>>> print(open('work.txt').read())   # compact mmCIF, C-alpha atoms
# COMPACT_ATOMS: atom_id res chain seq x y z
CA MET A 269 187.16 106.18 132.07
CA ASN A 270 190.26 105.34 130.13
CA LEU A 271 191.05 106.14 126.51
CA LYS A 272 189.79 102.78 125.20
CA GLN A 273 186.41 103.25 126.91
CA LEU A 274 186.17 106.78 125.55
CA ILE A 275 186.92 105.60 122.01
CA ILE A 276 184.06 103.08 122.33
CA ALA A 277 181.86 105.82 123.82
CA PHE A 278 182.62 107.98 120.78
CA LEU A 279 182.32 105.40 117.97
CA SER A 280 179.39 103.23 119.17
CA PRO A 281 176.54 105.75 119.14
CA ARG A 282 177.81 107.06 115.79
CA TYR A 283 177.84 103.66 114.05
CA PRO A 284 178.20 103.16 111.07
CA ALA A 285 180.18 106.39 110.82
CA ALA A 286 183.91 105.69 110.42
CA TYR A 287 186.61 108.11 111.55
CA THR A 288 190.36 108.49 111.18
CA GLU A 289 192.59 108.28 114.25
CA ALA A 290 193.25 112.02 114.02
CA ALA A 291 189.52 112.82 113.88
CA ILE A 292 188.83 110.63 116.90
CA ALA A 293 191.66 112.25 118.87
CA GLN A 294 190.41 115.72 117.96
CA ARG A 295 186.85 114.94 119.09
CA LEU A 296 187.97 113.31 122.35
CA ASN A 297 190.15 116.31 123.18
CA ALA A 298 187.31 118.68 122.32
CA SER A 299 185.00 116.79 124.71
CA GLN A 300 187.41 117.59 127.59
CA MET A 301 186.66 114.22 129.12
CA LEU A 302 190.29 113.17 129.35
CA ASP A 303 192.60 114.14 132.16
CA ARG A 304 195.22 115.08 129.60
CA ARG A 305 195.13 115.56 125.85
CA CYS A 306 195.45 112.49 123.67
CA THR A 307 197.35 112.24 120.38
CA ALA A 308 196.42 110.52 117.13
CA GLU A 309 199.26 108.06 117.79
CA GLY A 310 197.92 107.25 121.26
CA VAL A 311 194.44 106.76 119.85
CA ALA A 312 195.88 104.53 117.10
CA ASP A 313 197.58 102.30 119.71
CA ASP A 314 194.32 101.84 121.62
CA LEU A 315 192.34 101.32 118.42
CA ARG A 316 194.68 98.49 117.46
CA ALA A 317 194.17 96.94 120.91
CA LEU A 318 190.40 97.32 120.58
CA HIS A 319 190.63 95.79 117.10
CA LYS A 320 192.27 92.68 118.59
CA MET A 321 189.37 92.54 121.04
CA LYS A 322 186.97 92.81 118.05
CA MET A 323 185.46 96.01 119.49
CA VAL A 324 186.30 98.16 116.46
CA ASP A 325 186.70 97.52 112.77
CA LEU A 326 189.40 98.90 110.49
CA GLN A 327 188.57 99.94 106.94
CA ILE A 328 190.65 101.55 104.23
CA ASP A 329 189.33 104.55 102.34
CA PRO A 330 189.87 103.63 98.67
CA MET A 331 190.10 107.31 97.74
CA ASP A 332 193.30 108.05 99.65
CA ASN A 333 194.21 104.76 101.37
CA SER A 334 193.71 106.28 104.81
CA ALA A 335 192.59 104.07 107.70
CA VAL A 336 189.17 104.69 109.20
CA TRP A 337 187.66 103.02 112.24
CA GLN A 338 184.11 102.18 113.20
CA ALA A 339 182.48 100.32 116.10
CA THR A 340 181.61 96.64 115.71
CA GLU A 341 178.52 94.85 116.97
CA GLU A 342 180.67 93.59 119.84
CA GLY A 343 181.80 97.11 120.67
CA ILE A 344 178.26 98.44 120.60
CA LYS A 345 177.09 95.61 122.89
CA LYS A 346 179.81 96.55 125.39
CA TRP A 347 178.81 100.21 125.10
CA VAL A 348 175.16 99.37 125.88
CA LEU A 349 176.12 97.10 128.79
CA GLU A 350 178.25 99.87 130.26
CA GLY A 351 175.35 102.32 130.31
CA ARG A 352 175.65 103.98 126.87
CA VAL A 353 178.00 106.66 128.11
CA THR A 354 178.41 108.98 125.13
CA VAL A 355 181.14 111.37 124.04
CA VAL A 356 179.32 114.45 122.81
CA MET B 221 179.21 112.07 129.20
CA THR B 222 179.74 110.94 132.77
CA THR B 223 183.13 111.06 134.41
CA ARG B 224 181.66 112.24 137.70
CA CYS B 225 182.73 110.74 140.97
CA TYR B 226 179.96 110.11 143.49
CA ARG B 227 180.85 109.81 147.16
CA SER B 228 177.43 108.73 148.43
CA LYS B 229 176.63 105.15 149.47
CA ILE B 230 174.98 104.46 146.16
CA GLY B 231 177.67 106.35 144.25
CA ARG B 232 180.31 104.00 145.66
CA LEU B 233 178.52 100.92 144.32
CA PRO B 234 179.94 99.16 141.25
CA PHE B 235 179.07 100.71 137.89
CA ALA B 236 176.91 97.73 136.83
CA VAL B 237 174.80 97.97 140.02
CA ARG B 238 174.31 101.73 139.63
CA ASN B 239 173.38 101.22 136.01
CA GLU B 240 170.76 98.61 136.87
CA LEU B 241 169.43 100.83 139.66
CA ASN B 242 169.06 103.69 137.16
CA GLU B 243 167.23 101.45 134.72
CA ARG B 244 164.87 100.26 137.48
CA ILE B 245 164.14 103.86 138.52
CA ARG B 246 163.52 104.80 134.89
CA ASP B 247 161.14 101.85 134.54
CA GLY B 248 159.09 103.11 137.50
CA ALA B 249 160.14 100.76 140.32
CA GLN B 250 158.93 101.83 143.78
CA GLY B 251 161.37 103.11 146.40
CA ALA B 252 160.68 100.33 148.93
CA ASP B 253 161.26 97.65 146.28
CA LEU B 254 164.44 99.36 145.13
CA LEU B 255 165.79 99.52 148.70
CA ASP B 256 164.96 95.86 149.34
CA TRP B 257 166.75 94.85 146.14
CA LEU B 258 169.71 97.17 146.66
CA ASN B 259 170.32 96.25 150.32
CA GLY B 260 170.06 92.56 149.46
CA LEU B 261 172.97 92.67 147.01
CA LYS B 262 176.31 91.30 148.18
CA GLU B 263 178.10 94.24 146.50
CA THR B 264 176.04 96.68 148.58
CA LYS B 265 176.66 94.74 151.77
CA ARG B 266 180.40 94.78 151.08
CA ILE B 267 180.51 98.52 150.41
CA LEU B 268 178.42 99.27 153.52
CA ARG B 269 180.69 97.02 155.61
CA GLU B 270 183.82 98.71 154.26
CA THR B 271 182.44 102.20 154.89
CA LYS B 272 180.89 101.17 158.22
CA SER B 273 177.54 102.61 157.07
CA GLY B 274 173.94 101.62 157.71
CA PRO B 275 171.71 100.25 154.96
CA VAL B 276 170.84 102.41 151.97
CA ASN B 277 167.73 104.34 153.01
CA ALA B 278 164.98 106.36 151.36
CA GLN B 279 166.90 109.64 151.73
CA ASN B 280 169.96 108.11 150.02
CA LEU B 281 167.72 107.07 147.16
CA THR B 282 166.14 110.53 146.93
CA ASP B 283 169.61 112.11 146.81
CA TRP B 284 170.66 109.67 144.11
CA ARG B 285 167.64 110.55 141.96
CA SER B 286 168.73 114.19 141.87
CA THR B 287 172.43 113.49 141.25
CA GLY B 288 173.61 110.22 139.73
CA TYR B 289 170.27 109.28 138.20
CA ALA B 290 169.79 112.78 136.71
CA ASP B 291 173.29 112.61 135.18
CA TRP B 292 172.58 109.12 133.83
CA LEU B 293 169.33 110.30 132.25
CA ALA B 294 171.17 113.18 130.58
CA ASP B 295 173.72 110.71 129.20
CA GLN B 296 170.90 108.55 127.82
CA GLY B 297 169.47 111.64 126.11
CA ASP B 298 172.85 112.40 124.55
CA ALA B 299 173.16 108.82 123.33
CA ASP B 300 169.68 108.88 121.79
CA ARG B 301 170.33 112.22 120.07
CA ILE B 302 173.65 111.04 118.61
CA ARG B 303 172.03 107.77 117.47
CA ARG B 304 169.28 109.70 115.66
CA LEU B 305 171.86 111.92 113.98
CA ALA B 306 173.79 108.83 112.89
CA GLU B 307 170.63 107.38 111.33
CA VAL B 308 169.87 110.63 109.51
CA SER B 309 173.49 110.86 108.31
CA GLN B 310 173.45 107.28 107.05
CA THR B 311 170.16 107.92 105.23
CA LEU B 312 171.64 110.99 103.57
CA ALA B 313 174.83 109.14 102.60
CA ALA B 314 172.79 106.28 101.12
CA ALA B 315 170.46 108.72 99.34
CA ALA B 316 173.51 110.22 97.63
CA GLY B 317 174.08 106.83 96.01
CA GLY B 318 176.36 105.25 98.59
CA ASN B 319 176.42 101.53 99.20
CA VAL B 320 175.16 101.25 102.79
CA ALA B 321 177.58 98.43 103.57
CA GLY B 322 180.55 100.13 101.91
CA VAL B 323 183.41 102.04 103.46
CA GLY B 324 182.58 105.10 101.35
CA CYS B 325 179.15 105.34 102.95
CA SER B 326 180.65 104.98 106.46
CA ILE B 327 183.09 107.82 105.75
CA ALA B 328 180.37 110.00 104.23
CA THR B 329 178.16 109.26 107.24
CA ALA B 330 180.96 110.49 109.52
CA LYS B 331 181.38 113.70 107.49
CA ILE B 332 177.63 114.38 107.59
CA MET B 333 177.62 113.57 111.33
CA ASP B 334 180.34 116.20 111.87
CA ALA B 335 178.26 118.78 110.05
CA LEU B 336 175.05 117.89 111.86
CA GLU B 337 176.65 117.76 115.31
CA SER B 338 177.96 121.28 114.86
CA ALA B 339 174.70 122.56 113.40
CA ASP B 340 171.90 124.37 115.15
CA ASP B 341 169.45 121.93 116.84
CA ASP B 342 166.40 123.47 115.11
CA LYS B 343 167.97 123.07 111.67
CA VAL B 344 168.84 119.44 112.37
CA SER B 345 165.30 118.88 113.57
CA ASP B 346 163.93 120.46 110.35
CA LEU B 347 166.21 118.25 108.28
CA ALA B 348 165.13 115.12 110.17
CA THR B 349 161.46 116.06 109.74
CA ALA B 350 161.96 116.62 106.01
CA LEU B 351 163.63 113.23 105.67
CA VAL B 352 160.85 111.50 107.56
CA LYS B 353 158.28 113.18 105.29
CA LEU B 354 160.26 112.17 102.22
CA ARG B 355 160.36 108.56 103.42
CA ALA B 356 156.60 108.65 104.16
CA SER B 357 155.78 110.06 100.71
CA GLU B 358 157.99 107.43 99.05
CA ASN B 359 156.20 104.71 101.00
CA ALA B 360 152.80 106.14 100.01
CA ALA B 361 153.82 106.26 96.32
CA GLN B 362 155.05 102.68 96.57
CA LYS B 363 151.71 101.59 98.05
CA VAL B 364 149.81 103.28 95.20
CA ALA B 365 152.05 101.58 92.62
CA LEU B 366 151.46 98.20 94.27
CA ALA B 367 147.70 98.76 94.34
CA GLU B 368 147.74 99.69 90.64
CA GLU B 369 149.76 96.59 89.81
CA LYS B 370 147.32 94.43 91.78
CA ASN B 371 144.39 96.06 89.98
CA ALA B 372 145.97 95.39 86.57
CA ILE B 373 146.50 91.73 87.47
CA GLN B 374 142.86 91.40 88.57
CA LYS B 375 141.69 92.97 85.28
CA GLU B 376 143.87 90.57 83.33
CA GLN B 377 142.45 87.61 85.27
CA LEU B 378 138.91 88.87 84.66
CA SER B 379 139.60 89.26 80.95
CA LEU B 380 140.99 85.70 80.75
CA SER B 381 137.97 84.33 82.63
CA ARG B 382 135.60 86.14 80.29
CA ALA B 383 137.38 84.82 77.16
CA LYS B 384 137.22 81.28 78.58
CA PHE B 385 133.54 81.67 79.40
CA GLU B 386 132.78 82.89 75.85
CA ARG B 387 134.71 79.99 74.29
CA ASP B 388 133.02 77.39 76.53
CA THR B 389 129.57 78.86 75.84
CA THR B 390 130.13 78.78 72.08
CA ARG B 391 131.29 75.15 72.22
CA LEU B 392 128.24 74.30 74.31
CA PHE B 393 125.96 76.02 71.83
CA ILE B 394 127.44 74.07 68.90
CA LYS B 395 127.01 70.80 70.81
CA TRP B 396 123.42 71.39 71.92
CA ALA B 397 122.27 72.92 68.62
CA GLN B 398 122.56 69.41 67.20
CA ASN B 399 120.30 67.98 69.89
CA LYS B 400 116.69 67.64 68.66
CA ASP B 401 115.08 68.14 72.10
CA ALA B 402 117.13 71.22 72.75
CA LEU B 403 116.40 72.62 69.32
CA ALA B 404 112.65 72.01 69.79
CA LEU B 405 112.68 73.82 73.15
CA ALA B 406 114.68 76.73 71.79
CA THR B 407 112.37 77.24 68.85
CA ASP B 408 109.03 76.59 70.64
CA ARG B 409 107.06 79.83 70.19
CA ARG B 410 104.61 78.92 72.94
CA LEU B 411 107.27 79.21 75.63
CA GLY B 412 108.48 82.47 77.10
CA SER B 413 112.17 83.25 77.49
CA ASP B 414 112.35 82.34 81.19
CA GLU B 415 110.55 79.04 80.65
CA LYS B 416 112.84 78.16 77.74
CA THR B 417 115.88 78.98 79.84
CA GLU B 418 114.60 76.83 82.70
CA ARG B 419 113.83 73.82 80.54
CA LEU B 420 116.99 74.05 78.45
CA GLY B 421 119.00 74.39 81.61
CA ARG B 422 117.51 71.22 83.06
CA LEU B 423 118.10 69.39 79.80
CA MET B 424 121.70 70.48 79.46
CA PHE B 425 122.85 70.35 83.07
CA GLY B 426 120.44 68.00 84.84
CA ASP B 427 120.98 67.94 88.64
CA LEU B 428 123.71 70.56 88.44
CA TRP B 429 121.21 73.03 87.05
CA GLU B 430 118.87 72.38 89.92
CA SER B 431 121.55 72.77 92.52
CA SER B 432 122.70 76.02 90.93
CA GLU B 433 119.14 77.27 90.99
CA ASN B 434 118.74 76.26 94.64
CA GLY B 435 121.83 78.23 95.40
CA LYS B 436 120.29 81.43 94.09
>>> encode(input="work.txt", output="structure tokens")
Amino acid sequence: MNLKQLIIAFLSPRYPAAYTEAAIAQRLNASQMLDRRCTAEGVADDLRALHKMKMVDLQIDPMDNSAVWQATEEGIKKWVLEGRVTVV
Amino acid sequence: MTTRCYRSKIGRLPFAVRNELNERIRDGAQGADLLDWLNGLKETKRILRETKSGPVNAQNLTDWRSTGYADWLADQGDADRIRRLAEVSQTLAAAAGGNVAGVGCSIATAKIMDALESADDDKVSDLATALVKLRASENAAQKVALAEEKNAIQKEQLSLSRAKFERDTTRLFIKWAQNKDALALATDRRLGSDEKTERLGRLMFGDLWESSENGK
């Protein structure tokens, strides 16, 4: 699985929870499911690509203006169709 | 989560086919039916042709049940557990006053998720049980409140009906007190109470009185 699929596998089962890029990168690295460690910047690039595909949604935390990401209905549908593989 | 690579005949099949096979096994499909379906797929035929293998057989299916299918089931369990935690987290975030549709609630849900995912399973289970009980008691209290409200409305309706009945009866009394026949019947000392009621009823209501009596 590539990074985009792993991001979906992390965010979808946790919907509506919304995470920062750094938090997502940290959890993906902790899962040890990637061949090599990912960075927050790498995750951000793939999140933007997934956002264009309407798989994830971007929201701004009004408290500190940080960006947080959550799965969309479209993303969750894809996750279910692909067997609900889950990043624990 | 699954990043395993399976080298068996079934393991080499496309992800979507393996996923459907797993769902069919989970739903209790019989081995013979599964083999018929699997060997009839063009994807399977292509893989078997490429690997110069014979059809998928019962032993292949048995092996798959203990490897790929077992892994898939474990993944489903993980997904279900995480989904339940997400629901509990969202409930907690909303209970703290968060707008369920708002970004604040989504962020709070994530923070609670982090805490729950790193917590001991028994403690999470206790928390989930407590929340379920809380929801059940709130529902029960709501039902009682609704029943009380319904009861109050019924009492109000009864009170209004009674007031109307009393007003109508008084008007009727005033009207029939001026009727000589009615007055004679009402004051006739030779008649008992039941007889007076019967005769006055017939006088005042005619056929309607009879039909109401027949309906008794």
>>> atom_distance(input="work.txt", atom1="CA of Ala290 in chain A", atom2="CA of Ala308 in chain A")
4.7 Å
>>> interface_residues(input="work.txt", of="chain A", to="chain B", cutoff="6 Å", atoms="all atoms listed in the file", output="list in words")
Pro281, Arg282, Pro284, Ala285, Ala286, Val353, Thr354 and Val355 of chain A
>>> atom_distance(input="work.txt", atom1="CA of Val348 in chain A", atom2="CA of Asp340 in chain B")
27.4 Å
>>> residues_near_point(input="work.txt", point="(176.8, 96.4, 128.9)", cutoff="12 Å", atoms="only C-alpha atoms", output="VMD selection string")
(chain A and resid 273 276 to 277 342 to 353) or (chain B and resid 235 to 237 239 to 240)
>>> atom_distance(input="work.txt", atom1="CA of Ser338 in chain B", atom2="CA of Gln294 in chain A")
14.0 Å
>>> residues_around(input="work.txt", residues="range 258-266 of chain B", least_positions_apart="3", cutoff="12 Å", atoms="only C-alpha atoms", output="ChimeraX atom specification")
/B:229-242,244-245,251-255,269-278,280-281
>>> decode(input="work.txt", residues="range 360-402 of chain B", atoms="C-alpha atoms", output="mmCIF file, in the first residue's frame")
data_model
loop_
_atom_site.group_PDB
_atom_site.id
_atom_site.type_symbol
_atom_site.label_atom_id
_atom_site.label_comp_id
_atom_site.auth_asym_id
_atom_site.auth_seq_id
_atom_site.Cartn_x
_atom_site.Cartn_y
_atom_site.Cartn_z
ATOM 1 C CA ALA B 360 -35.785 6.235 29.816
ATOM 2 C CA ALA B 361 -36.118 9.662 31.491
ATOM 3 C CA GLN B 362 -37.222 11.145 28.175
ATOM 4 C CA LYS B 363 -39.890 8.438 27.808
ATOM 5 C CA VAL B 364 -41.213 9.163 31.315
ATOM 6 C CA ALA B 365 -41.353 12.895 30.560
ATOM 7 C CA LEU B 366 -43.248 12.214 27.333
ATOM 8 C CA ALA B 367 -45.709 9.928 29.130
ATOM 9 C CA GLU B 368 -46.302 12.598 31.788
ATOM 10 C CA GLU B 369 -46.877 15.224 29.112
ATOM 11 C CA LYS B 370 -49.342 12.929 27.332
ATOM 12 C CA ASN B 371 -51.140 12.280 30.624
ATOM 13 C CA ALA B 372 -51.430 16.018 31.335
ATOM 14 C CA ILE B 373 -52.896 16.619 27.871
ATOM 15 C CA GLN B 374 -55.455 13.839 28.396
ATOM 16 C CA LYS B 375 -56.453 15.337 31.777
ATOM 17 C CA GLU B 376 -56.850 18.749 30.174
ATOM 18 C CA GLN B 377 -59.029 17.256 27.424
ATOM 19 C CA LEU B 378 -61.120 15.434 30.025
ATOM 20 C CA SER B 379 -61.559 18.626 32.036
ATOM 21 C CA LEU B 380 -62.663 20.542 28.920
ATOM 22 C CA SER B 381 -65.130 17.772 27.998
ATOM 23 C CA ARG B 382 -66.574 17.809 31.503
ATOM 24 C CA ALA B 383 -67.012 21.611 31.498
ATOM 25 C CA LYS B 384 -68.755 21.390 28.113
ATOM 26 C CA PHE B 385 -71.009 18.609 29.346
ATOM 27 C CA GLU B 386 -71.985 20.636 32.443
ATOM 28 C CA ARG B 387 -72.740 23.739 30.348
ATOM 29 C CA ASP B 388 -74.819 21.767 27.815
ATOM 30 C CA THR B 389 -76.747 19.996 30.577
ATOM 31 C CA THR B 390 -77.567 23.286 32.312
ATOM 32 C CA ARG B 391 -78.790 24.828 29.045
ATOM 33 C CA LEU B 392 -80.903 21.738 28.426
ATOM 34 C CA PHE B 393 -82.366 21.947 31.900
ATOM 35 C CA ILE B 394 -83.341 25.608 31.425
ATOM 36 C CA LYS B 395 -84.975 24.786 28.083
ATOM 37 C CA TRP B 396 -86.958 21.761 29.274
ATOM 38 C CA ALA B 397 -87.959 23.290 32.624
ATOM 39 C CA GLN B 398 -90.248 25.552 30.599
ATOM 40 C CA ASN B 399 -91.921 22.582 28.924
ATOM 41 C CA LYS B 400 -95.202 21.649 30.670
ATOM 42 C CA ASP B 401 -95.019 17.925 29.821
ATOM 43 C CA ALA B 402 -91.484 17.687 31.047
#
